[in-house]
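Structure file target-v4.pdb (PDB, C-alpha atoms) is printed below.
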ATOM      1  CA  MET A   1      31.480 -54.670 148.608
ATOM      2  CA  SER A   2      34.832 -52.946 148.246
ATOM      3  CA  GLN A   3      35.178 -49.266 149.066
ATOM      4  CA  GLN A   4      35.105 -46.932 146.080
ATOM      5  CA  PRO A   5      37.550 -44.016 145.815
ATOM      6  CA  ASP A   6      36.197 -40.855 147.408
ATOM      7  CA  THR A   7      33.656 -42.916 149.416
ATOM      8  CA  PHE A   8      34.071 -42.721 153.186
ATOM      9  CA  PRO A   9      32.238 -45.062 155.570
ATOM     10  CA  VAL A  10      31.292 -42.827 158.515
ATOM     11  CA  THR A  11      28.639 -44.483 160.714
ATOM     12  CA  THR A  12      26.023 -47.183 161.010
ATOM     13  CA  LEU A  13      22.486 -46.756 159.777
ATOM     14  CA  ASP A  14      21.152 -47.503 163.266
ATOM     15  CA  GLU A  15      23.241 -44.729 164.827
ATOM     16  CA  LEU A  16      22.220 -42.232 162.140
ATOM     17  CA  LYS A  17      18.537 -43.085 162.606
ATOM     18  CA  GLN A  18      18.897 -42.576 166.344
ATOM     19  CA  ARG A  19      20.848 -39.290 166.172
ATOM     20  CA  LYS A  20      19.107 -37.822 163.054
ATOM     21  CA  ALA A  21      22.137 -35.633 162.237
ATOM     22  CA  MET A  22      25.886 -36.152 162.597
ATOM     23  CA  LEU A  23      28.997 -34.152 161.691
ATOM     24  CA  PHE A  24      32.142 -35.386 160.004
ATOM     25  CA  GLU A  25      35.294 -33.405 159.293
ATOM     26  CA  PHE A  26      36.734 -33.507 155.793
ATOM     27  CA  ARG A  27      39.554 -31.706 154.013
ATOM     28  CA  HIS A  28      39.045 -30.232 150.574
ATOM     29  CA  PRO A  29      42.322 -29.955 148.607
ATOM     30  CA  ARG A  30      41.739 -26.298 147.771
ATOM     31  CA  PHE A  31      39.518 -24.943 150.567
ATOM     32  CA  GLY A  32      40.829 -26.882 153.571
ATOM     33  CA  LYS A  33      38.935 -28.269 156.553
ATOM     34  CA  HIS A  34      35.150 -28.245 156.649
ATOM     35  CA  ASP A  35      32.295 -30.255 158.121
ATOM     36  CA  ILE A  36      29.822 -32.359 156.199
ATOM     37  CA  ALA A  37      26.536 -33.017 157.983
ATOM     38  CA  LEU A  38      24.846 -36.375 157.524
ATOM     39  CA  PHE A  39      21.064 -36.433 158.005
ATOM     40  CA  TRP A  40      18.275 -38.979 158.420
ATOM     41  CA  ASP A  41      14.843 -37.551 157.608
ATOM     42  CA  GLY A  42      12.879 -40.704 158.378
ATOM     43  CA  GLU A  43      13.146 -42.021 154.831
ATOM     44  CA  GLY A  44      16.722 -41.631 153.650
ATOM     45  CA  ALA A  45      20.288 -40.527 154.341
ATOM     46  CA  TYR A  46      21.570 -37.226 152.943
ATOM     47  CA  ALA A  47      24.783 -35.220 153.235
ATOM     48  CA  LEU A  48      25.255 -31.448 152.991
ATOM     49  CA  GLU A  49      27.940 -28.885 153.698
ATOM     50  CA  ASN A  50      27.212 -28.111 157.337
ATOM     51  CA  SER A  51      27.567 -24.338 157.309
ATOM     52  CA  CYS A  52      24.605 -22.136 156.330
ATOM     53  CA  PRO A  53      25.945 -19.391 154.021
ATOM     54  CA  HIS A  54      23.951 -16.663 155.793
ATOM     55  CA  LEU A  55      25.561 -16.555 159.265
ATOM     56  CA  PHE A  56      27.328 -19.941 159.273
ATOM     57  CA  GLY A  57      24.766 -21.739 161.440
ATOM     58  CA  SER A  58      25.345 -25.451 161.869
ATOM     59  CA  LEU A  59      22.743 -27.222 159.741
ATOM     60  CA  ALA A  60      23.287 -30.356 161.834
ATOM     61  CA  ASP A  61      21.618 -28.429 164.675
ATOM     62  CA  GLY A  62      18.645 -27.493 162.506
ATOM     63  CA  ARG A  63      15.121 -28.856 162.325
ATOM     64  CA  ILE A  64      14.902 -31.871 160.012
ATOM     65  CA  LEU A  65      11.721 -32.452 158.029
ATOM     66  CA  ARG A  66      11.044 -34.845 155.162
ATOM     67  CA  GLY A  67      13.438 -33.806 152.416
ATOM     68  CA  GLU A  68      14.675 -30.610 154.070
ATOM     69  CA  VAL A  69      16.557 -29.056 156.964
ATOM     70  CA  HIS A  70      15.984 -25.609 158.485
ATOM     71  CA  CYS A  71      18.935 -23.539 159.702
ATOM     72  CA  PRO A  72      18.751 -23.081 163.487
ATOM     73  CA  LEU A  73      19.684 -19.379 163.313
ATOM     74  CA  HIS A  74      17.128 -17.883 160.915
ATOM     75  CA  GLY A  75      15.163 -20.820 159.536
ATOM     76  CA  ALA A  76      16.540 -20.874 155.989
ATOM     77  CA  GLN A  77      15.205 -24.034 154.339
ATOM     78  CA  PHE A  78      17.532 -26.344 152.414
ATOM     79  CA  SER A  79      16.763 -29.373 150.261
ATOM     80  CA  LEU A  80      18.506 -32.429 151.681
ATOM     81  CA  LYS A  81      18.824 -33.858 148.162
ATOM     82  CA  THR A  82      20.299 -30.878 146.329
ATOM     83  CA  GLY A  83      21.428 -28.313 148.925
ATOM     84  CA  GLU A  84      19.200 -25.698 147.267
ATOM     85  CA  CYS A  85      17.943 -22.965 149.583
ATOM     86  CA  LEU A  86      14.232 -23.552 149.079
ATOM     87  CA  ASP A  87      13.014 -20.215 150.429
ATOM     88  CA  ARG A  88      15.814 -18.233 148.677
ATOM     89  CA  PHE A  89      16.779 -16.720 152.053
ATOM     90  CA  THR A  90      20.458 -17.305 151.288
ATOM     91  CA  LEU A  91      22.768 -19.152 148.903
ATOM     92  CA  ASP A  92      22.652 -22.893 148.279
ATOM     93  CA  VAL A  93      24.994 -25.322 150.077
ATOM     94  CA  ALA A  94      26.979 -28.186 148.574
ATOM     95  CA  ALA A  95      25.246 -31.559 148.544
ATOM     96  CA  TYR A  96      27.143 -34.847 148.746
ATOM     97  CA  ALA A  97      25.953 -38.348 147.975
ATOM     98  CA  ALA A  98      25.157 -40.475 151.010
ATOM     99  CA  ARG A  99      25.185 -44.219 150.420
ATOM    100  CA  VAL A 100      23.688 -46.950 152.568
ATOM    101  CA  ASP A 101      25.179 -50.410 152.122
ATOM    102  CA  GLY A 102      23.664 -52.823 154.631
ATOM    103  CA  ASP A 103      24.150 -51.084 157.977
ATOM    104  CA  THR A 104      27.043 -48.874 156.825
ATOM    105  CA  VAL A 105      26.458 -45.264 155.782
ATOM    106  CA  SER A 106      29.095 -43.577 153.626
ATOM    107  CA  ILE A 107      29.614 -40.073 152.297
ATOM    108  CA  VAL A 108      30.930 -39.583 148.766
ATOM    109  CA  ALA A 109      33.258 -36.560 148.737
ATOM    110  CA  PRO A 110      35.181 -36.470 145.430
ATOM    111  CA  GLY A 111      38.795 -35.361 145.782
ATOM    112  CA  GLU A 112      38.537 -34.904 149.538
ATOM    113  CA  THR A 113      40.134 -36.666 152.477
ATOM    114  CA  ARG A 114      38.832 -37.492 155.915
ATOM    115  CA  ASN A 115      40.485 -35.871 158.941
TER     116      ASN A 115
END

Can the structure in the file be given as structure tokens, please?
Amino acid sequence: MSQQPDTFPVTTLDELKQRKAMLFEFRHPRFGKHDIALFWDGEGAYALENSCPHLFGSLADGRILRGEVHCPLHGAQFSLKTGECLDRFTLDVAAYAARVDGDTVSIVAPGETRN
């Protein structure tokens, strides 16, 4: 399968399953450098903006449950699928598509580049 524009292969499925969460640096054309966190919740791969809007906690360091991640600083709960803050503790975070093709996991980040 050829790589699609804006689709960035970042890791293997085995490594993601083992680590549960990983960080990757991207560059948005307007907002600059930022990290996208890639998660494995036991059933699927998901990608979210890594920074919790409340006090900028690293979501990659949070507790991962089926379909959600909890910020390590104050426990704000985010949907892994949509980035919605489920408990309305803070603002939502951006969600990105995560694709699994064989053993390769990719993040789809439209208009962005990988650092």

Since I can't run it myself right now, could you work out what the PyMOL selection byres ((chain A and resi 73-89) around 12) selects here and report it as a PDB file with C-alpha atoms, in the frame of the given file?
ATOM      1  CA  ALA A  21      22.137 -35.633 162.237  1.00  0.00           C
ATOM      2  CA  ILE A  36      29.822 -32.359 156.199  1.00  0.00           C
ATOM      3  CA  ALA A  37      26.536 -33.017 157.983  1.00  0.00           C
ATOM      4  CA  LEU A  38      24.846 -36.375 157.524  1.00  0.00           C
ATOM      5  CA  PHE A  39      21.064 -36.433 158.005  1.00  0.00           C
ATOM      6  CA  TRP A  40      18.275 -38.979 158.420  1.00  0.00           C
ATOM      7  CA  ASP A  41      14.843 -37.551 157.608  1.00  0.00           C
ATOM      8  CA  GLU A  43      13.146 -42.021 154.831  1.00  0.00           C
ATOM      9  CA  GLY A  44      16.722 -41.631 153.650  1.00  0.00           C
ATOM     10  CA  ALA A  45      20.288 -40.527 154.341  1.00  0.00           C
ATOM     11  CA  TYR A  46      21.570 -37.226 152.943  1.00  0.00           C
ATOM     12  CA  ALA A  47      24.783 -35.220 153.235  1.00  0.00           C
ATOM     13  CA  LEU A  48      25.255 -31.448 152.991  1.00  0.00           C
ATOM     14  CA  GLU A  49      27.940 -28.885 153.698  1.00  0.00           C
ATOM     15  CA  ASN A  50      27.212 -28.111 157.337  1.00  0.00           C
ATOM     16  CA  SER A  51      27.567 -24.338 157.309  1.00  0.00           C
ATOM     17  CA  CYS A  52      24.605 -22.136 156.330  1.00  0.00           C
ATOM     18  CA  PRO A  53      25.945 -19.391 154.021  1.00  0.00           C
ATOM     19  CA  HIS A  54      23.951 -16.663 155.793  1.00  0.00           C
ATOM     20  CA  LEU A  55      25.561 -16.555 159.265  1.00  0.00           C
ATOM     21  CA  PHE A  56      27.328 -19.941 159.273  1.00  0.00           C
ATOM     22  CA  GLY A  57      24.766 -21.739 161.440  1.00  0.00           C
ATOM     23  CA  SER A  58      25.345 -25.451 161.869  1.00  0.00           C
ATOM     24  CA  LEU A  59      22.743 -27.222 159.741  1.00  0.00           C
ATOM     25  CA  ALA A  60      23.287 -30.356 161.834  1.00  0.00           C
ATOM     26  CA  ASP A  61      21.618 -28.429 164.675  1.00  0.00           C
ATOM     27  CA  GLY A  62      18.645 -27.493 162.506  1.00  0.00           C
ATOM     28  CA  ARG A  63      15.121 -28.856 162.325  1.00  0.00           C
ATOM     29  CA  ILE A  64      14.902 -31.871 160.012  1.00  0.00           C
ATOM     30  CA  LEU A  65      11.721 -32.452 158.029  1.00  0.00           C
ATOM     31  CA  ARG A  66      11.044 -34.845 155.162  1.00  0.00           C
ATOM     32  CA  GLY A  67      13.438 -33.806 152.416  1.00  0.00           C
ATOM     33  CA  GLU A  68      14.675 -30.610 154.070  1.00  0.00           C
ATOM     34  CA  VAL A  69      16.557 -29.056 156.964  1.00  0.00           C
ATOM     35  CA  HIS A  70      15.984 -25.609 158.485  1.00  0.00           C
ATOM     36  CA  CYS A  71      18.935 -23.539 159.702  1.00  0.00           C
ATOM     37  CA  PRO A  72      18.751 -23.081 163.487  1.00  0.00           C
ATOM     38  CA  THR A  90      20.458 -17.305 151.288  1.00  0.00           C
ATOM     39  CA  LEU A  91      22.768 -19.152 148.903  1.00  0.00           C
ATOM     40  CA  ASP A  92      22.652 -22.893 148.279  1.00  0.00           C
ATOM     41  CA  VAL A  93      24.994 -25.322 150.077  1.00  0.00           C
ATOM     42  CA  ALA A  94      26.979 -28.186 148.574  1.00  0.00           C
ATOM     43  CA  ALA A  95      25.246 -31.559 148.544  1.00  0.00           C
ATOM     44  CA  TYR A  96      27.143 -34.847 148.746  1.00  0.00           C
ATOM     45  CA  ALA A  97      25.953 -38.348 147.975  1.00  0.00           C
ATOM     46  CA  ALA A  98      25.157 -40.475 151.010  1.00  0.00           C
TER      47      ALA A  98
END

Separation of atom CA of Thr113 of chain A from atom CA of Thr11 of chain A in Å: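 It comes out at 16.2 Å.
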
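Nearest residue to Lys33 of chain A among A:Arg114, A:Val100, A:Ala109, A:Leu16 is A:Arg114, counting all atoms listed in the file.
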
Between atom CA of Ile107 of chain A and atom CA of Glu15 of chain A - distance in Å to one decimal: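 Interatomic distance here is 14.8 Å.
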
Shortest interatomic distance to Asp103 of chain A - which of A:Lys17, A:Phe8, A:Leu23, A:Gly42, counting only C-alpha atoms: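 Selected residue with least distance to Asp103 of chain A: A:Lys17.
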
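Between atom CA of Asp101 of chain A and atom CA of Pro29 of chain A lies a distance of 26.9 Å.
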
Counting all atoms listed in the file, the residue of A:Glu25, A:Pro110, A:Asn115, A:Val105 that sits nearest Thr12 of chain A: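 The answer is A:Val105, which sits nearest to Thr12 of chain A.
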
Of the listed residues A:Asp35, A:Gly102, A:Phe24, A:Arg30, that which approaches Val10 of chain A most closely, counting only C-alpha atoms: A:Phe24

Result set, the PyMOL selection byres ((chain A and resi 7) around 7) on current file, as a list in words: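 Answer for the PyMOL selection byres ((chain A and resi 7) around 7): Gln3, Gln4, Pro5, Asp6, Phe8, Pro9, Ser106, Ile107, Val108 and Ala109 of chain A.
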
Output as JSON the centre and edge lengths (Å, one decimal) of the box along x, y and z of the file that holds every listed atom of segment 64-68 of chain A after adding 8 Å on each side.
{"center_x": 13.0, "center_y": -32.7, "center_z": 156.2, "size_x": 19.9, "size_y": 20.2, "size_z": 23.6}

Missing atoms in segment 16-36 of chain A should be modelled up to N, CA, C and O atoms and reported as a PDB file, keeping the file's coordinate frame.
ATOM      1  N   LEU A  16      22.742 -43.405 162.835  1.00  0.00           N
ATOM      2  CA  LEU A  16      22.220 -42.232 162.140  1.00  0.00           C
ATOM      3  C   LEU A  16      20.723 -42.072 162.397  1.00  0.00           C
ATOM      4  O   LEU A  16      20.248 -40.966 162.657  1.00  0.00           O
ATOM      5  N   LYS A  17      19.980 -43.155 162.344  1.00  0.00           N
ATOM      6  CA  LYS A  17      18.537 -43.085 162.606  1.00  0.00           C
ATOM      7  C   LYS A  17      18.261 -42.580 164.020  1.00  0.00           C
ATOM      8  O   LYS A  17      17.325 -41.817 164.237  1.00  0.00           O
ATOM      9  N   GLN A  18      19.077 -42.997 164.956  1.00  0.00           N
ATOM     10  CA  GLN A  18      18.897 -42.576 166.344  1.00  0.00           C
ATOM     11  C   GLN A  18      19.252 -41.105 166.541  1.00  0.00           C
ATOM     12  O   GLN A  18      18.530 -40.367 167.198  1.00  0.00           O
ATOM     13  N   ARG A  19      20.355 -40.661 165.949  1.00  0.00           N
ATOM     14  CA  ARG A  19      20.848 -39.290 166.172  1.00  0.00           C
ATOM     15  C   ARG A  19      20.230 -38.263 165.224  1.00  0.00           C
ATOM     16  O   ARG A  19      20.265 -37.071 165.512  1.00  0.00           O
ATOM     17  N   LYS A  20      19.731 -38.680 164.077  1.00  0.00           N
ATOM     18  CA  LYS A  20      19.107 -37.822 163.054  1.00  0.00           C
ATOM     19  C   LYS A  20      20.083 -36.941 162.276  1.00  0.00           C
ATOM     20  O   LYS A  20      19.870 -36.671 161.114  1.00  0.00           O
ATOM     21  N   ALA A  21      21.125 -36.441 162.924  1.00  0.00           N
ATOM     22  CA  ALA A  21      22.137 -35.633 162.237  1.00  0.00           C
ATOM     23  C   ALA A  21      23.485 -35.856 162.912  1.00  0.00           C
ATOM     24  O   ALA A  21      23.563 -35.948 164.134  1.00  0.00           O
ATOM     25  N   MET A  22      24.528 -35.931 162.095  1.00  0.00           N
ATOM     26  CA  MET A  22      25.886 -36.152 162.597  1.00  0.00           C
ATOM     27  C   MET A  22      26.852 -35.316 161.761  1.00  0.00           C
ATOM     28  O   MET A  22      26.598 -35.049 160.589  1.00  0.00           O
ATOM     29  N   LEU A  23      27.969 -34.935 162.375  1.00  0.00           N
ATOM     30  CA  LEU A  23      28.997 -34.152 161.691  1.00  0.00           C
ATOM     31  C   LEU A  23      30.260 -34.964 161.469  1.00  0.00           C
ATOM     32  O   LEU A  23      30.667 -35.724 162.348  1.00  0.00           O
ATOM     33  N   PHE A  24      30.885 -34.731 160.324  1.00  0.00           N
ATOM     34  CA  PHE A  24      32.142 -35.386 160.004  1.00  0.00           C
ATOM     35  C   PHE A  24      33.070 -34.365 159.363  1.00  0.00           C
ATOM     36  O   PHE A  24      32.660 -33.616 158.480  1.00  0.00           O
ATOM     37  N   GLU A  25      34.320 -34.361 159.806  1.00  0.00           N
ATOM     38  CA  GLU A  25      35.294 -33.405 159.293  1.00  0.00           C
ATOM     39  C   GLU A  25      35.989 -33.979 158.067  1.00  0.00           C
ATOM     40  O   GLU A  25      36.451 -35.120 158.072  1.00  0.00           O
ATOM     41  N   PHE A  26      36.060 -33.153 157.033  1.00  0.00           N
ATOM     42  CA  PHE A  26      36.734 -33.507 155.793  1.00  0.00           C
ATOM     43  C   PHE A  26      37.737 -32.410 155.452  1.00  0.00           C
ATOM     44  O   PHE A  26      37.717 -31.329 156.032  1.00  0.00           O
ATOM     45  N   ARG A  27      38.602 -32.708 154.495  1.00  0.00           N
ATOM     46  CA  ARG A  27      39.554 -31.706 154.013  1.00  0.00           C
ATOM     47  C   ARG A  27      39.460 -31.657 152.488  1.00  0.00           C
ATOM     48  O   ARG A  27      39.716 -32.638 151.799  1.00  0.00           O
ATOM     49  N   HIS A  28      39.099 -30.481 152.017  1.00  0.00           N
ATOM     50  CA  HIS A  28      39.045 -30.232 150.574  1.00  0.00           C
ATOM     51  C   HIS A  28      40.445 -29.799 150.152  1.00  0.00           C
ATOM     52  O   HIS A  28      41.096 -29.025 150.843  1.00  0.00           O
ATOM     53  N   PRO A  29      40.946 -30.280 148.999  1.00  0.00           N
ATOM     54  CA  PRO A  29      42.322 -29.955 148.607  1.00  0.00           C
ATOM     55  C   PRO A  29      42.571 -28.465 148.390  1.00  0.00           C
ATOM     56  O   PRO A  29      43.681 -27.988 148.585  1.00  0.00           O
ATOM     57  N   ARG A  30      41.561 -27.729 148.032  1.00  0.00           N
ATOM     58  CA  ARG A  30      41.739 -26.298 147.771  1.00  0.00           C
ATOM     59  C   ARG A  30      41.259 -25.421 148.925  1.00  0.00           C
ATOM     60  O   ARG A  30      41.866 -24.401 149.236  1.00  0.00           O
ATOM     61  N   PHE A  31      40.147 -25.805 149.568  1.00  0.00           N
ATOM     62  CA  PHE A  31      39.518 -24.943 150.567  1.00  0.00           C
ATOM     63  C   PHE A  31      39.808 -25.336 152.012  1.00  0.00           C
ATOM     64  O   PHE A  31      39.447 -24.618 152.930  1.00  0.00           O
ATOM     65  N   GLY A  32      40.443 -26.473 152.222  1.00  0.00           N
ATOM     66  CA  GLY A  32      40.829 -26.882 153.571  1.00  0.00           C
ATOM     67  C   GLY A  32      39.726 -27.593 154.340  1.00  0.00           C
ATOM     68  O   GLY A  32      38.813 -28.172 153.760  1.00  0.00           O
ATOM     69  N   LYS A  33      39.850 -27.535 155.673  1.00  0.00           N
ATOM     70  CA  LYS A  33      38.935 -28.269 156.553  1.00  0.00           C
ATOM     71  C   LYS A  33      37.521 -27.702 156.502  1.00  0.00           C
ATOM     72  O   LYS A  33      37.328 -26.499 156.441  1.00  0.00           O
ATOM     73  N   HIS A  34      36.561 -28.628 156.552  1.00  0.00           N
ATOM     74  CA  HIS A  34      35.150 -28.245 156.649  1.00  0.00           C
ATOM     75  C   HIS A  34      34.368 -29.448 157.163  1.00  0.00           C
ATOM     76  O   HIS A  34      34.863 -30.571 157.171  1.00  0.00           O
ATOM     77  N   ASP A  35      33.153 -29.184 157.611  1.00  0.00           N
ATOM     78  CA  ASP A  35      32.295 -30.255 158.121  1.00  0.00           C
ATOM     79  C   ASP A  35      31.206 -30.590 157.120  1.00  0.00           C
ATOM     80  O   ASP A  35      30.592 -29.696 156.530  1.00  0.00           O
ATOM     81  N   ILE A  36      30.964 -31.878 156.968  1.00  0.00           N
ATOM     82  CA  ILE A  36      29.822 -32.359 156.199  1.00  0.00           C
ATOM     83  C   ILE A  36      28.846 -32.947 157.204  1.00  0.00           C
ATOM     84  O   ILE A  36      29.217 -33.738 158.075  1.00  0.00           O
TER      85      ILE A  36
END
